[in-house]
$ cat query10.pdb   # PDB, C-alpha atoms, pLDDT in the B column
ATOM      1  CA  MET A   1     251.663  -7.106  72.184  1.00 52.00           C
ATOM      2  CA  ASP A   2     252.606  -4.123  70.021  1.00 57.00           C
ATOM      3  CA  TYR A   3     249.811  -2.972  67.717  1.00 61.00           C
ATOM      4  CA  GLU A   4     251.749  -0.027  66.283  1.00 63.00           C
ATOM      5  CA  PHE A   5     252.895  -2.086  63.286  1.00 60.00           C
ATOM      6  CA  GLU A   6     249.363  -3.270  62.585  1.00 66.00           C
ATOM      7  CA  ASP A   7     248.118   0.327  62.649  1.00 74.00           C
ATOM      8  CA  LYS A   8     250.818   1.366  60.169  1.00 75.00           C
ATOM      9  CA  ASP A   9     249.968  -1.582  57.925  1.00 84.00           C
ATOM     10  CA  ASP A  10     246.288  -0.592  58.003  1.00 86.00           C
ATOM     11  CA  GLU A  11     247.164   3.018  57.277  1.00 85.00           C
ATOM     12  CA  LEU A  12     249.387   2.011  54.347  1.00 86.00           C
ATOM     13  CA  ARG A  13     246.632  -0.239  52.982  1.00 91.00           C
ATOM     14  CA  ASN A  14     244.139   2.621  53.268  1.00 91.00           C
ATOM     15  CA  VAL A  15     246.448   4.988  51.392  1.00 91.00           C
ATOM     16  CA  GLU A  16     247.010   2.377  48.673  1.00 94.00           C
ATOM     17  CA  ASN A  17     243.242   1.908  48.333  1.00 95.00           C
ATOM     18  CA  ASP A  18     242.759   5.671  48.136  1.00 95.00           C
ATOM     19  CA  LEU A  19     245.456   5.938  45.476  1.00 96.00           C
ATOM     20  CA  GLU A  20     243.858   3.197  43.417  1.00 97.00           C
ATOM     21  CA  MET A  21     240.484   4.949  43.508  1.00 97.00           C
ATOM     22  CA  ILE A  22     242.003   8.339  42.672  1.00 97.00           C
ATOM     23  CA  ARG A  23     243.869   6.841  39.710  1.00 97.00           C
ATOM     24  CA  GLU A  24     240.655   5.214  38.473  1.00 98.00           C
ATOM     25  CA  ASP A  25     238.919   8.590  38.803  1.00 98.00           C
ATOM     26  CA  LEU A  26     241.733  10.214  36.841  1.00 98.00           C
ATOM     27  CA  ILE A  27     241.313   7.648  34.061  1.00 98.00           C
ATOM     28  CA  GLY A  28     237.587   8.372  33.979  1.00 98.00           C
ATOM     29  CA  GLU A  29     238.147  12.124  33.709  1.00 98.00           C
ATOM     30  CA  LEU A  30     240.621  11.682  30.838  1.00 98.00           C
ATOM     31  CA  GLN A  31     238.273   9.309  29.034  1.00 98.00           C
ATOM     32  CA  ALA A  32     235.442  11.818  29.423  1.00 98.00           C
ATOM     33  CA  ILE A  33     237.603  14.589  27.932  1.00 98.00           C
ATOM     34  CA  ASN A  34     238.441  12.384  24.950  1.00 98.00           C
ATOM     35  CA  GLN A  35     234.822  11.392  24.449  1.00 98.00           C
ATOM     36  CA  TYR A  36     233.572  14.989  24.569  1.00 98.00           C
ATOM     37  CA  GLN A  37     236.281  16.020  22.113  1.00 98.00           C
ATOM     38  CA  GLN A  38     235.242  13.267  19.692  1.00 98.00           C
ATOM     39  CA  HIS A  39     231.637  14.426  19.929  1.00 98.00           C
ATOM     40  CA  ILE A  40     232.647  18.027  19.292  1.00 98.00           C
ATOM     41  CA  GLU A  41     234.432  16.998  16.112  1.00 97.00           C
ATOM     42  CA  SER A  42     231.263  15.433  14.710  1.00 97.00           C
ATOM     43  CA  LEU A  43     228.683  17.970  15.909  1.00 97.00           C
ATOM     44  CA  GLU A  44     227.276  20.709  13.749  1.00 97.00           C
ATOM     45  CA  ASN A  45     225.294  22.591  16.406  1.00 98.00           C
ATOM     46  CA  GLU A  46     227.575  25.362  17.680  1.00 98.00           C
ATOM     47  CA  GLU A  47     225.576  25.818  20.884  1.00 98.00           C
ATOM     48  CA  VAL A  48     226.118  22.175  21.811  1.00 98.00           C
ATOM     49  CA  VAL A  49     229.795  22.446  20.849  1.00 98.00           C
ATOM     50  CA  THR A  50     230.176  25.437  23.178  1.00 98.00           C
ATOM     51  CA  ILE A  51     228.533  23.543  26.027  1.00 98.00           C
ATOM     52  CA  LEU A  52     230.775  20.512  25.535  1.00 98.00           C
ATOM     53  CA  GLU A  53     233.871  22.732  25.368  1.00 98.00           C
ATOM     54  CA  HIS A  54     232.847  24.207  28.715  1.00 98.00           C
ATOM     55  CA  ILE A  55     232.399  20.726  30.163  1.00 98.00           C
ATOM     56  CA  ILE A  56     235.859  19.740  28.889  1.00 98.00           C
ATOM     57  CA  GLU A  57     237.370  22.686  30.755  1.00 98.00           C
ATOM     58  CA  GLU A  58     235.672  21.525  33.951  1.00 98.00           C
ATOM     59  CA  GLU A  59     236.961  17.985  33.413  1.00 98.00           C
ATOM     60  CA  LYS A  60     240.479  19.376  32.990  1.00 98.00           C
ATOM     61  CA  GLU A  61     240.116  21.118  36.351  1.00 98.00           C
ATOM     62  CA  HIS A  62     239.149  17.764  37.850  1.00 98.00           C
ATOM     63  CA  VAL A  63     242.278  16.200  36.331  1.00 97.00           C
ATOM     64  CA  ALA A  64     244.442  18.910  37.905  1.00 96.00           C
ATOM     65  CA  GLU A  65     242.764  18.450  41.292  1.00 97.00           C
ATOM     66  CA  LEU A  66     243.225  14.680  41.171  1.00 97.00           C
ATOM     67  CA  LEU A  67     246.900  15.088  40.248  1.00 95.00           C
ATOM     68  CA  LYS A  68     247.332  17.313  43.294  1.00 95.00           C
ATOM     69  CA  VAL A  69     245.752  14.648  45.492  1.00 95.00           C
ATOM     70  CA  LEU A  70     248.039  12.003  44.003  1.00 95.00           C
ATOM     71  CA  SER A  71     251.024  14.212  44.732  1.00 94.00           C
ATOM     72  CA  VAL A  72     250.011  14.532  48.372  1.00 94.00           C
ATOM     73  CA  LEU A  73     249.317  10.830  48.893  1.00 94.00           C
ATOM     74  CA  ASP A  74     252.216   9.477  46.817  1.00 95.00           C
ATOM     75  CA  PRO A  75     255.577  11.260  47.268  1.00 92.00           C
ATOM     76  CA  LEU A  76     257.170   9.258  44.442  1.00 92.00           C
ATOM     77  CA  GLN A  77     254.390  10.319  42.086  1.00 90.00           C
ATOM     78  CA  ALA A  78     254.904  13.919  43.202  1.00 91.00           C
ATOM     79  CA  GLU A  79     258.600  13.710  42.416  1.00 92.00           C
ATOM     80  CA  LYS A  80     257.947  12.290  38.961  1.00 90.00           C
ATOM     81  CA  LEU A  81     255.334  14.934  38.207  1.00 86.00           C
ATOM     82  CA  SER A  82     257.676  17.707  39.302  1.00 88.00           C
ATOM     83  CA  ARG A  83     260.413  16.438  36.947  1.00 88.00           C
ATOM     84  CA  GLN A  84     258.026  16.176  33.998  1.00 79.00           C
ATOM     85  CA  VAL A  85     258.729  18.446  31.042  1.00 76.00           C
ATOM     86  CA  TRP A  86     255.495  20.134  29.956  1.00 72.00           C
ATOM     87  CA  PHE A  87     255.208  21.495  26.448  1.00 70.00           C
TER      88      PHE A  87
END

$ encode --input "query10.pdb" --output "C-alpha cells"
Amino acid sequence: MDYEFEDKDDELRNVENDLEMIREDLIGELQAINQYQQHIESLENEEVVTILEHIIEEEKEHVAELLKVLSVLDPLQAEKLSRQVWF
C-alpha cells in the first residue's frame, strides 16, 4: 500500500486549515483597525487618541505580517497580491 498520497492529502488539508485561520486573523486585525479609528473620531482626550493611533499602527504591522504568511502558504494569493496596484 502506498501512503504517499495520504500524506500529501493530509499536508494539503493542514495548509488549507492554516490558511483559513490566517484569513480569519486578518479579518480580525482589519476589524480592530476600523473599530479603533471609529473610537478616535469620537474621542476628545488627545492622550487616548494618541494611544489608539499607536495601537492602529501595530495592527497594521500585523496585517502586513499576515499577508506575508498568506503569500508563502498560498502561491496564487501571492501572485494576486504582487499584481495589485497600490495607491

$ axis_aligned_box --input "query10.pdb" --around "stretch 25-28 of chain A" --padding-each-side "5 Å" --output "lines of an AutoDock Vina configuration file"
center_x = 239.7
center_y = 8.9
center_z = 36.4
size_x = 14.1
size_y = 12.6
size_z = 14.8

$ closest_residue --input "query10.pdb" --among "A:Leu70, A:Tyr36, A:Phe87, A:Asn17" --to "A:Val48" --atoms "all atoms listed in the file"
A:Tyr36

$ residues_around --input "query10.pdb" --residues "A:Ile27" --least-positions-apart "3" --cutoff "12 Å" --atoms "only C-alpha atoms" --output "number ranges by chain"
A: 20-24, 30-34, 59-60, 62-63, 66-67

$ atom_distance --input "query10.pdb" --atom1 "atom CA of A:Gln77" --atom2 "atom CA of A:Ile56"
24.6 Å

$ closest_residue --input "query10.pdb" --among "A:Asp74, A:Val85, A:Glu79, A:Glu29" --to "A:Glu16" --atoms "all atoms listed in the file"
A:Asp74

$ atom_distance --input "query10.pdb" --atom1 "atom CA of A:Leu81" --atom2 "atom CA of A:Glu65"
13.4 Å

$ atom_distance --input "query10.pdb" --atom1 "atom CA of A:Glu58" --atom2 "atom CA of A:Glu41"
18.4 Å

$ residues_around --input "query10.pdb" --residues "A:Leu73" --least-positions-apart "3" --cutoff "8 Å" --atoms "only C-alpha atoms" --output "PDB file with C-alpha atoms, in the frame of the given file"
ATOM      1  CA  VAL A  15     246.448   4.988  51.392  1.00 91.00           C
ATOM      2  CA  LEU A  19     245.456   5.938  45.476  1.00 96.00           C
ATOM      3  CA  VAL A  69     245.752  14.648  45.492  1.00 95.00           C
ATOM      4  CA  LEU A  70     248.039  12.003  44.003  1.00 95.00           C
TER       5      LEU A  70
END
